[in-house]
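Asks: Before we start, here is the structure in question, set down as structure tokens.
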Amino acid sequence: WTVDLKKQVTSTDYDNYSPWLRTDLVFDPETGTVDLMWMTNKESSEFKGIKYLDTFRHGKSVEDYLPSSTYSPAMKFFRDQDFVNYCTASNEQVRTYDNVTYGYQMHDCWTLLSADCSENPTFAVFMKKDETNKMSLKIQMGGQFVEIKPSGYSMFELTVDGEEVDLDDQESVLYPSKTRVSSGVTESYKFRIHKWDNTFSVEIPLVIMVNYDGTQIQMTTSPFLKGRQCGMCGDFNRNKRFEMMGPQECLLKDGNEMAAAYAWADGETCPEMPECSGAEYSFPEIVNIH
């Protein structure tokens, strides 16, 4: 891009620079909050009521205010009271449910991020690196698979059990009925897929919410799953010790070993499994979702 920084840019000038990114910040010193808006030539996203003083002190970021573009005091209360918690993953680091952050090198094999590892598991969330170094997402729920992967600039390919599904902005599709809704949901569903601002949300009611935008995956899970989680997001036991626990229930050295240990070796060239002894269950059993 060639931009004259001495020239004041007006709304009219934006058409002369493509693609472009504009960031607006509005601070409110009385409440200690800031409203953030990101705009490009393609789309815009707004995040309201971010408490920037708490952000500096406690290391929070904009992701703490997703999935809603309006900051939710109710969600903050639930998180502060330990009712719900979340895990986020990019192609460079993972923040676990128990608030431990570690780095790793992402590979191109499906890798388990988070799963219900009880006797009758209900879901498993996988990620892998795609050809453009972004992230692809796969979620298994019962016998059904949801897969979302980048297909171009701000474009995605969504499939459910191999069938391509197109969603408009602010549109949801409910399963198993395949009902499409653009406002309130009035029927029960097993899971829902919703699209908003080039972000997809996959919800299993009272179990997990997964948000995905091609560069980051965020999972917010139910408190009923405490201690029943496994994968790179940790075990969600509210204890930060022993967070690098592999699928064979032994401690691993670092994030790269975690990524290798939870890789789903399904015929692709995957990292070698770290050595471990004393296994109580094997990874293939984890992905046998009911």
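Following the order of the structure tokens, first chain is A, next is B, and so on, with residues numbered from 1 inside each chain and ligands from 1 in the order they appear.
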When you look at Asp130 in chain A with a cut-off of 10 Å (counting only C-alpha atoms), what residues show up, excluding the ones that are within fewer than 2 positions of it in the same chain? I need them as JSON, numbers by chain.
Replies: {"A": [106, 107, 108, 109, 127, 128, 132, 133, 134, 135, 136, 137, 149, 150, 151, 214]}
Asks: Which residue, A:Thr199, A:Gln229, A:Asn99, A:Ser45, has the smallest gap to Leu112 in chain A when you use only C-alpha atoms?
Replies: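 The shortest atom-to-atom distance to Leu112 in chain A comes from A:Gln229.
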Asks: From a backbone DSSP assignment, name each residue in range 103-272 of chain A labelled strand (DSSP E), as a PyMOL selection string.
Replies: chain A and resi 103+111-116+124-129+135-141+144-152+155-160+163-164+171-175+180-181+191-196+199-204+208-212+217-221+229-230
Asks: Using only C-alpha atoms, which residue out of A:Lys190, A:Arg228, A:Lys48, A:Arg180 lies closest to Asn120 in chain A?
Replies: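 Smallest distance to Asn120 in chain A is found for A:Arg228.
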Asks: Show which residues sit within 12 Å of Asp168 in chain A, as a PyMOL selection string. Count only C-alpha atoms, and ignore same-chain residues fewer than 5 positions away.
Replies: chain A and resi 155-156+158+173+180-182+193-200
Asks: Could you pull the residues within 9 Å of Val100 in chain A, counting only C-alpha atoms, minus those fewer than 4 positions along the same chain, as a VMD selection string?
Replies: chain A and resid 94 to 96 233 to 234 240 243
